[in-house]
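A short worksheet on the structure shown next.
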Amino acid sequence: MIREFGALTLNGFREARRNRVSVVVAVFTLGLLLSSTLVTDVTVYTFQRVMSDVGLGAMCLTLVLLAIFLSSGLLSREIERRTIFLVVSKPVSRALFIVGRLAGNMLTLAVLLVMMSVVFFTQVALYGLPVTAPQLVAAGMLWVELLVISSVGFAMSSFASQLVSAVVTTGVYFAGHLSADIYSLAGRSSSVFIQWLGKGIYYLLPNLARLNFRPQASYELMTPAVDIAKSAAYGVGYAGVMVALAVFVFSRRDFK
Amino acid sequence: MSSTIPIEVHGLAKTYRLGFWMNRKVRALQGLDLEVQPGQVYGLLGPNGAGKSTTIKILMNLVQSSEGSARLFGLPPTDENARRQVGFLPENPAPYEYLTGAELVTLAGQLAGMSGHELDQRVKEVIGMVEMDRAAKLQIRRYSKGMIQRISLAQAIVNRPKLLILDEPTSGLDPVGRRQVRDLILAERQRGTTILFCTHIISDVEALCERVVVLVGGRRVREGSVRELLSGQAPVVEMTVEGLSLTRLREFGHELAYAQDFGDRVLLRTGDTAAQALLQQALQAGGRVTQIQPTRYSLEDLFLDALKEARHGTVGGEIS
């Protein structure tokens with residue numbers, strides 16, 4: 001089973017690597033990272049903070065868009081193009097297929113994240129600034145955030161078209177960063193129904209703010225390791241639920 | 001529990017639900033029974049919408065049956081161990097276009113549990129068998145339809161399957177491509193592989209199959225060995241008569257399986273006994289019989305007769 005999983009993962013990685021969109025995104029991000037040197041002209045005292053904000057922000061923006069693009073169309077595209085016939089008919093379970101494909105996506109995003117981080121941290125070092133632990137944590141936790149977004153895209157893609165999946169996943173991304181606000185806003189309402197609705201939405205949506213360590217990186221605030229581990233566990237757990245949902249739906253689908 | 005019988009199907013039915021509210025039903029299969037014995041080449045014949053592809057998709061775990069059971073070597077198709085011994089070529093195969101031919105066949109082998117030197121050797125071997133050596137390192141997006149068909153066949157046989165399931169393996173191929181695919185199927189048969197294939201190219205079935213089942217509207221209407229099915233039919237004679245009209249020939253009162261008046265001649269087909277009487281009557285009436293020859297009852301005739309008997313159109317399952 002491990003061999004088959006490895007084959008599916010590497011195939012997913014190969015697909016993304018040969019996809020022009022991934023290459024364009026990688027080049028674009030590298031350009032964006034290098035352009036952050038322009039901030040030297042507009043900042044005086046907060047140079048290090050702006051550098052961190054722009055660098056990590058550029059990585060987050062482009063990788064999130066790429067994660068939505070790659071995950072939301074993967075299963076629906078396989079079904080539409082009927083490439084799935086050649087794989088699902090092999091002695092691999094549909095669950096393994098889903099997990100292998102997701103792993104391929106995550107491997108691609110991990111490689112891109114490492115490449116971008118190397119450029120970013122090299123740039124920081126070249127300016128004689130220290131590479132801080134909170135920056136490393138923020139970059140690492142970005143991968144967990146990408147895992148959550150990809151798993152939502154996968155779950156949607158198991159039953160909806162690429163367009164619908166992409167729109168919903170993008171919506172979930174933004175709402176996920178605001179879920180705590182939704183909870184507290186609903187809590188202020190006098191209506192019990194609104195309070196329950198707010199709580200329901202809060203528990204249903206991924207709390208992506210919990211995985212966002214970029215503000216701490218900007219202000220060089222180190223988060224305790226236990227809190228980082230809890231956040232990572234939350235992200236992986238949420239992704240696990242989404243993958244289980246994708247497997248449940250996908251296992252019952254007919255491929256006509 | 002595993003068994004040596006490659007395919008056993010009992011009372012298999014499939015109803016697709018269509019429409020936004022899923023309230024329209026199409027019965028693609030209605031209680032199909034069939035059994036394919038080891039080493040047999042078994043043909044699934046039928047018009048479009050007869051249920052051939054649905055049967056194959058149920059066997060390959062692409063579609064779930066609504067009723068009945070399907071078994072591959074005694075195991076349900078959902079069991080991965082059942083599919084481990086099977087090679088599958090879908091209709092109009094769509095392999096990953098970003099892979100090269102060699103990478104696709106390697107991936108298929110890996111997913112079937114092969115690895116290392118054995119896999120590398122086997123990939124080279126099957127690519128050679130389908131004569132794709134020169135294009136093996138090209139991305140599939142650059143392949144022609146015939147090349148895609150051949151590389152897809154290579155991925156189907158890479159794991160040395162005991163059972164090969166082929167859905168329209170020769171459709172869309174030029175005569176050379178069809179011959180190559182047919183030769184490959186024959187080579188697999190020589191190796192002892194059980195083969196189930198569906199097609200509506202009847203000459204392929206006649207050339208390759210020992211046993212056939214004819215499906216119409218999701219039901220089995222004929223089943224047996226090709227010889228049995230054809231030998232049970234009365235011999236037919238084809239005649240060309242000049243100097244008499246078709247109306248005049250019909251007045252002799254014989255049942256004509258086929259008749260066509262071309263103005264200067266009439267072409268007709270009738271049973272052996274009727275042909276002898278008709279020959280004498282035509283000559284006595286001043287006609288000239290310019291050609292007479294016995295015709296073999298072909299699989300195509302059988303197929304068309306089965307369609308007529310089933311009183312079914314050529315397209316689709318039952319819709320409600």
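Note on naming: chains are A, B, ... as they come in the structure tokens, residues start from 1 per chain, ligands start from 1 in the order shown.
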
Taking a cut-off of 12 Å and counting only C-alpha atoms, can you build a table that, for each residue of chain A near chain B, reports the nearest atom pair and how far apart they are in Å (one decimal), sorted by chain then residue number, as JSON lines?
{"residue": "A:Met1", "atom": "CA", "partner": "B:Gly113", "partner_atom": "CA", "distance": 8.1}
{"residue": "A:Ile2", "atom": "CA", "partner": "B:Gly113", "partner_atom": "CA", "distance": 9.8}
{"residue": "A:Arg3", "atom": "CA", "partner": "B:Gln110", "partner_atom": "CA", "distance": 7.1}
{"residue": "A:Glu4", "atom": "CA", "partner": "B:Leu111", "partner_atom": "CA", "distance": 5.0}
{"residue": "A:Phe5", "atom": "CA", "partner": "B:Leu111", "partner_atom": "CA", "distance": 8.4}
{"residue": "A:Gly6", "atom": "CA", "partner": "B:Gln110", "partner_atom": "CA", "distance": 9.1}
{"residue": "A:Ala7", "atom": "CA", "partner": "B:Gln110", "partner_atom": "CA", "distance": 6.5}
{"residue": "A:Leu8", "atom": "CA", "partner": "B:Leu111", "partner_atom": "CA", "distance": 8.0}
{"residue": "A:Thr9", "atom": "CA", "partner": "B:Leu107", "partner_atom": "CA", "distance": 11.0}
{"residue": "A:Leu10", "atom": "CA", "partner": "B:Leu107", "partner_atom": "CA", "distance": 9.7}
{"residue": "A:Asn11", "atom": "CA", "partner": "B:Leu107", "partner_atom": "CA", "distance": 7.9}
{"residue": "A:Gly12", "atom": "CA", "partner": "B:Tyr96", "partner_atom": "CA", "distance": 10.6}
{"residue": "A:Phe13", "atom": "CA", "partner": "B:Tyr98", "partner_atom": "CA", "distance": 11.4}
{"residue": "A:Arg14", "atom": "CA", "partner": "B:Tyr98", "partner_atom": "CA", "distance": 8.3}
{"residue": "A:Glu15", "atom": "CA", "partner": "B:Tyr98", "partner_atom": "CA", "distance": 6.5}
{"residue": "A:Ala16", "atom": "CA", "partner": "B:Tyr98", "partner_atom": "CA", "distance": 9.5}
{"residue": "A:Arg17", "atom": "CA", "partner": "B:Tyr98", "partner_atom": "CA", "distance": 9.8}
{"residue": "A:Arg18", "atom": "CA", "partner": "B:Tyr98", "partner_atom": "CA", "distance": 6.8}
{"residue": "A:Asn19", "atom": "CA", "partner": "B:Tyr98", "partner_atom": "CA", "distance": 8.2}
{"residue": "A:Arg20", "atom": "CA", "partner": "B:Tyr98", "partner_atom": "CA", "distance": 11.0}
{"residue": "A:Arg77", "atom": "CA", "partner": "B:Tyr96", "partner_atom": "CA", "distance": 11.1}
{"residue": "A:Glu78", "atom": "CA", "partner": "B:Tyr96", "partner_atom": "CA", "distance": 9.1}
{"residue": "A:Ile79", "atom": "CA", "partner": "B:Ala94", "partner_atom": "CA", "distance": 10.5}
{"residue": "A:Glu80", "atom": "CA", "partner": "B:Ala94", "partner_atom": "CA", "distance": 10.2}
{"residue": "A:Arg81", "atom": "CA", "partner": "B:Ala94", "partner_atom": "CA", "distance": 6.8}
{"residue": "A:Arg82", "atom": "CA", "partner": "B:Ala94", "partner_atom": "CA", "distance": 5.9}
{"residue": "A:Thr83", "atom": "CA", "partner": "B:Ala94", "partner_atom": "CA", "distance": 5.1}
{"residue": "A:Ile84", "atom": "CA", "partner": "B:Ala94", "partner_atom": "CA", "distance": 8.4}
{"residue": "A:Phe85", "atom": "CA", "partner": "B:Pro90", "partner_atom": "CA", "distance": 6.9}
{"residue": "A:Leu86", "atom": "CA", "partner": "B:Pro95", "partner_atom": "CA", "distance": 6.9}
{"residue": "A:Val87", "atom": "CA", "partner": "B:Ala108", "partner_atom": "CA", "distance": 7.6}
{"residue": "A:Val88", "atom": "CA", "partner": "B:Leu62", "partner_atom": "CA", "distance": 7.1}
{"residue": "A:Ser89", "atom": "CA", "partner": "B:Met60", "partner_atom": "CA", "distance": 5.3}
{"residue": "A:Lys90", "atom": "CA", "partner": "B:Arg83", "partner_atom": "CA", "distance": 6.2}
{"residue": "A:Pro91", "atom": "CA", "partner": "B:Glu80", "partner_atom": "CA", "distance": 4.4}
{"residue": "A:Val92", "atom": "CA", "partner": "B:Glu80", "partner_atom": "CA", "distance": 6.0}
{"residue": "A:Ser93", "atom": "CA", "partner": "B:Glu80", "partner_atom": "CA", "distance": 6.7}
{"residue": "A:Arg94", "atom": "CA", "partner": "B:Thr78", "partner_atom": "CA", "distance": 9.7}
{"residue": "A:Ala95", "atom": "CA", "partner": "B:Glu80", "partner_atom": "CA", "distance": 11.8}
{"residue": "A:Leu96", "atom": "CA", "partner": "B:Leu111", "partner_atom": "CA", "distance": 10.8}
{"residue": "A:Phe97", "atom": "CA", "partner": "B:Leu111", "partner_atom": "CA", "distance": 10.1}
{"residue": "A:Gly100", "atom": "CA", "partner": "B:Leu111", "partner_atom": "CA", "distance": 11.4}
{"residue": "A:Phe250", "atom": "CA", "partner": "B:Leu62", "partner_atom": "CA", "distance": 10.9}
{"residue": "A:Ser251", "atom": "CA", "partner": "B:Leu62", "partner_atom": "CA", "distance": 9.8}
{"residue": "A:Arg252", "atom": "CA", "partner": "B:Gln64", "partner_atom": "CA", "distance": 7.9}
{"residue": "A:Arg253", "atom": "CA", "partner": "B:Val63", "partner_atom": "CA", "distance": 7.4}
{"residue": "A:Asp254", "atom": "CA", "partner": "B:Val63", "partner_atom": "CA", "distance": 4.4}
{"residue": "A:Phe255", "atom": "CA", "partner": "B:Leu62", "partner_atom": "CA", "distance": 5.3}
{"residue": "A:Lys256", "atom": "CA", "partner": "B:Val63", "partner_atom": "CA", "distance": 7.0}

Output the selection as a compact mmCIF listing (two decimals), in the first residue's frame - C-alpha atoms for each residue.
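So the final result, stored in result_3.txt, reads:
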# COMPACT_ATOMS: atom_id res chain seq x y z
CA MET A 1 0.00 0.00 0.00
CA ILE A 2 2.89 2.36 0.77
CA ARG A 3 4.33 1.77 -2.70
CA GLU A 4 1.02 2.63 -4.36
CA PHE A 5 0.65 5.69 -2.12
CA GLY A 6 4.15 6.82 -3.09
CA ALA A 7 3.38 6.34 -6.81
CA LEU A 8 0.20 8.42 -6.55
CA THR A 9 1.94 11.16 -4.55
CA LEU A 10 4.86 11.45 -6.96
CA ASN A 11 2.48 11.42 -9.89
CA GLY A 12 0.55 14.32 -8.34
CA PHE A 13 3.81 16.19 -7.81
CA ARG A 14 4.85 15.50 -11.40
CA GLU A 15 1.51 16.78 -12.68
CA ALA A 16 1.85 20.05 -10.72
CA ARG A 17 5.48 20.44 -11.75
CA ARG A 18 4.55 20.12 -15.43
CA ASN A 19 1.57 22.44 -15.02
CA ARG A 20 2.42 25.85 -16.43
CA ARG A 77 -11.13 17.27 -13.70
CA GLU A 78 -10.10 13.62 -13.36
CA ILE A 79 -13.75 12.57 -13.62
CA GLU A 80 -14.55 14.96 -16.46
CA ARG A 81 -11.51 13.94 -18.53
CA ARG A 82 -12.02 10.29 -17.57
CA THR A 83 -8.37 9.89 -16.57
CA ILE A 84 -9.77 8.39 -13.39
CA PHE A 85 -10.80 5.20 -15.25
CA LEU A 86 -7.20 4.09 -15.61
CA VAL A 87 -6.41 4.60 -11.91
CA VAL A 88 -9.56 3.58 -10.03
CA SER A 89 -9.67 0.32 -11.98
CA LYS A 90 -6.25 -0.59 -10.58
CA PRO A 91 -5.96 -2.42 -7.24
CA VAL A 92 -6.01 0.77 -5.16
CA SER A 93 -8.88 1.87 -2.95
CA ARG A 94 -10.60 5.15 -3.65
CA ALA A 95 -9.55 6.35 -0.19
CA LEU A 96 -5.90 5.73 -1.05
CA PHE A 97 -6.39 7.53 -4.35
CA GLY A 100 -2.31 10.04 -2.49
CA PHE A 250 -16.01 9.78 -3.65
CA SER A 251 -16.36 6.12 -2.65
CA ARG A 252 -20.06 6.22 -3.50
CA ARG A 253 -19.75 7.95 -6.84
CA ASP A 254 -20.45 6.33 -10.19
CA PHE A 255 -18.08 7.24 -13.00
CA LYS A 256 -20.26 7.06 -16.12

List every residue of range 71-261 of chain B that DSSP, applied to the backbone, labels as strand (DSSP E or B), and write the result as a PyMOL selection string. chain B and resi 71-72+75+86-89+100+139+163-167+194-199+211-216+219-225+236-242+256-261

I need the chosen residues saved as a CSV table (one decimal), in the first residue's frame, with C-alpha atoms.
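This is the output file selection_38.csv:
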chain,number,residue,atom,x,y,z
B,71,ARG,CA,-17.6,-11.5,-9.0
B,72,LEU,CA,-14.1,-11.4,-10.3
B,75,LEU,CA,-14.4,-11.6,-5.1
B,86,VAL,CA,-7.2,-7.8,-14.0
B,87,GLY,CA,-6.1,-5.5,-16.8
B,88,PHE,CA,-8.5,-2.9,-18.2
B,89,LEU,CA,-8.7,-0.8,-21.3
B,100,THR,CA,5.3,10.1,-21.2
B,139,GLN,CA,4.5,13.2,-23.6
B,163,LEU,CA,-8.2,-11.4,-17.0
B,164,LEU,CA,-8.2,-8.7,-19.6
B,165,ILE,CA,-11.3,-6.5,-19.9
B,166,LEU,CA,-11.4,-4.4,-23.1
B,167,ASP,CA,-14.1,-1.8,-23.9
B,194,THR,CA,-9.2,-14.8,-20.2
B,195,ILE,CA,-10.5,-11.9,-22.2
B,196,LEU,CA,-13.8,-10.1,-22.0
B,197,PHE,CA,-14.3,-7.5,-24.6
B,198,CYS,CA,-17.2,-5.4,-25.8
B,199,THR,CA,-17.6,-3.9,-29.3
B,211,ARG,CA,-18.4,-17.2,-26.9
B,212,VAL,CA,-20.6,-14.2,-27.2
B,213,VAL,CA,-23.6,-12.6,-25.4
B,214,VAL,CA,-25.9,-10.2,-27.3
B,215,LEU,CA,-27.4,-7.5,-25.1
B,216,VAL,CA,-30.3,-5.3,-26.1
B,219,ARG,CA,-31.1,-7.6,-21.3
B,220,ARG,CA,-29.4,-10.7,-22.6
B,221,VAL,CA,-31.1,-11.8,-25.8
B,222,ARG,CA,-28.6,-14.4,-27.0
B,223,GLU,CA,-25.7,-16.3,-25.4
B,224,GLY,CA,-23.5,-19.2,-26.5
B,225,SER,CA,-20.5,-20.2,-28.4
B,236,VAL,CA,-29.8,-19.3,-46.8
B,237,VAL,CA,-29.4,-19.0,-50.5
B,238,GLU,CA,-28.9,-15.8,-52.4
B,239,MET,CA,-30.3,-15.5,-56.0
B,240,THR,CA,-30.3,-13.0,-58.8
B,241,VAL,CA,-33.2,-13.3,-61.3
B,242,GLU,CA,-33.6,-11.4,-64.5
B,256,LEU,CA,-38.3,-14.2,-48.8
B,257,ALA,CA,-35.8,-13.2,-46.1
B,258,TYR,CA,-34.6,-10.3,-48.3
B,259,ALA,CA,-35.7,-9.0,-51.7
B,260,GLN,CA,-34.7,-6.0,-53.7
B,261,ASP,CA,-35.9,-5.0,-57.2

How would you write, as number ranges by chain, the set of residues in range 156-194 of chain B that DSSP gives as helix (DSSP H, G or I)? B: 156-157, 175-190

Residues just named, written with C-alpha atoms as a PDB file, in the first residue's frame:
ATOM      1  CA  ALA B 156      -3.508  -2.813 -19.198  1.00  0.00           C
ATOM      2  CA  ILE B 157      -1.186  -5.795 -19.719  1.00  0.00           C
ATOM      3  CA  PRO B 175      -7.066  -0.864 -40.446  1.00  0.00           C
ATOM      4  CA  VAL B 176      -3.380  -1.223 -39.525  1.00  0.00           C
ATOM      5  CA  GLY B 177      -4.042  -0.194 -35.925  1.00  0.00           C
ATOM      6  CA  ARG B 178      -7.003  -2.571 -35.708  1.00  0.00           C
ATOM      7  CA  ARG B 179      -4.909  -5.438 -36.980  1.00  0.00           C
ATOM      8  CA  GLN B 180      -2.178  -4.684 -34.413  1.00  0.00           C
ATOM      9  CA  VAL B 181      -4.657  -4.588 -31.537  1.00  0.00           C
ATOM     10  CA  ARG B 182      -6.283  -7.802 -32.752  1.00  0.00           C
ATOM     11  CA  ASP B 183      -2.877  -9.486 -32.936  1.00  0.00           C
ATOM     12  CA  LEU B 184      -2.118  -8.380 -29.388  1.00  0.00           C
ATOM     13  CA  ILE B 185      -5.414  -9.811 -28.160  1.00  0.00           C
ATOM     14  CA  LEU B 186      -4.621 -13.068 -29.940  1.00  0.00           C
ATOM     15  CA  ALA B 187      -1.166 -13.111 -28.319  1.00  0.00           C
ATOM     16  CA  GLU B 188      -2.747 -12.650 -24.889  1.00  0.00           C
ATOM     17  CA  ARG B 189      -5.194 -15.467 -25.673  1.00  0.00           C
ATOM     18  CA  GLN B 190      -2.245 -17.707 -26.561  1.00  0.00           C
TER      19      GLN B 190
END

Write out as a list in words each polymer residue whose atoms come within 8 Å of Ala175 in chain A, counting only C-alpha atoms; drop sequence neighbours fewer than 4 positions from it.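 So, after excluding close chain neighbours, the residues are Gly171, Ser179 and Leu205 of chain A.
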
Near-Ala154 in chain B list (9 Å; only C-alpha atoms; drop same-chain fewer than 6 positions) as a PyMOL selection string: chain B and resi 105+123+126-127+129-130

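Comparing A:Thr46, A:Thr62, A:Ser151, A:Thr132 by their smallest distance to Phe28 in chain A, the closest is A:Thr62 (using only C-alpha atoms).
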
Could you check how far CA of Ala306 in chain B sits from CA of Ala277 in chain B, in Å to one decimal?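 If I compute the distance from CA of Ala306 in chain B to CA of Ala277 in chain B, I get 28.4 Å.
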
Within 7 Å of Ser158 in chain A using only C-alpha atoms, minus same-chain residues under 2 positions, as a PDB file with C-alpha atoms, in the first residue's frame:
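Output saved as around16.pdb:
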ATOM      1  CA  LEU A  75     -11.017  15.297  -8.684  1.00  0.00           C
ATOM      2  CA  SER A  76     -13.661  16.902 -10.888  1.00  0.00           C
ATOM      3  CA  PHE A 154     -10.663  18.320  -2.317  1.00  0.00           C
ATOM      4  CA  ALA A 155     -13.870  17.698  -0.369  1.00  0.00           C
ATOM      5  CA  MET A 156     -15.748  20.118  -2.643  1.00  0.00           C
ATOM      6  CA  ALA A 160     -18.902  19.688  -7.442  1.00  0.00           C
ATOM      7  CA  ALA A 246     -14.143  13.522   0.412  1.00  0.00           C
ATOM      8  CA  VAL A 249     -18.567  11.000  -1.122  1.00  0.00           C
ATOM      9  CA  PHE A 250     -16.013   9.775  -3.654  1.00  0.00           C
TER      10      PHE A 250
END

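Straight-line separation from CA of Arg227 in chain B to CA of Ala50 in chain B: 23.0 Å.
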
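Distances here use only C-alpha atoms; by that measure, the residue among A:Tyr202, A:Phe47, A:Trp196, A:Trp143 closest to Tyr183 in chain A is A:Tyr202.
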
d(CA of Leu229 in chain B, CA of Leu302 in chain B) in Å: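 Going from CA of Leu229 in chain B over to CA of Leu302 in chain B, I get 7.9 Å.
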
From the set A:Phe120, A:Phe69, A:Phe248, A:Tyr238, which residue has the shortest atom-to-atom contact distance to Val148 in chain A, counting only C-alpha atoms?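 Closest residue, counting only C-alpha atoms: A:Tyr238.
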
Could you list, as a PyMOL selection string, every residue within 10 Å of Ala133 in chain A, counting only C-alpha atoms and ignoring same-chain residues fewer than 3 positions away? chain A and resi 130+136-139+217+220-223

With only C-alpha atoms as the counted atoms, please give the residues lying no more than 10 Å from range 32-34 of chain A, apart from itself and same-chain residues fewer than 4 positions off, as a tab-separated table (two decimals) with C-alpha atoms, in the first residue's frame.
chain	number	residue	atom	x	y	z
A	26	ALA	CA	6.56	30.28	-8.60
A	27	VAL	CA	8.25	32.81	-10.88
A	28	PHE	CA	5.69	35.50	-9.99
A	38	LEU	CA	11.56	48.50	-2.84
A	51	MET	CA	10.14	43.24	5.03
A	54	VAL	CA	5.63	41.79	2.49
A	55	GLY	CA	7.70	38.61	2.17
A	56	LEU	CA	5.44	36.31	4.18
A	57	GLY	CA	2.34	37.98	2.78
A	58	ALA	CA	3.45	37.43	-0.83
A	59	MET	CA	4.18	33.78	-0.10
A	62	THR	CA	0.28	33.17	-4.08
A	116	MET	CA	10.23	30.77	-1.55
A	117	SER	CA	11.42	30.64	2.06
A	119	VAL	CA	14.74	33.26	-1.31
A	120	PHE	CA	13.00	35.27	1.43
A	123	GLN	CA	17.12	38.33	1.10

Name the closest residue to Ala103 in chain A among the candidates A:Val243, A:Thr29, A:Cys60, A:Gly73; distances are taken between atoms, counting only C-alpha atoms.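 Of the candidates, the smallest distance to Ala103 in chain A is held by A:Val243.
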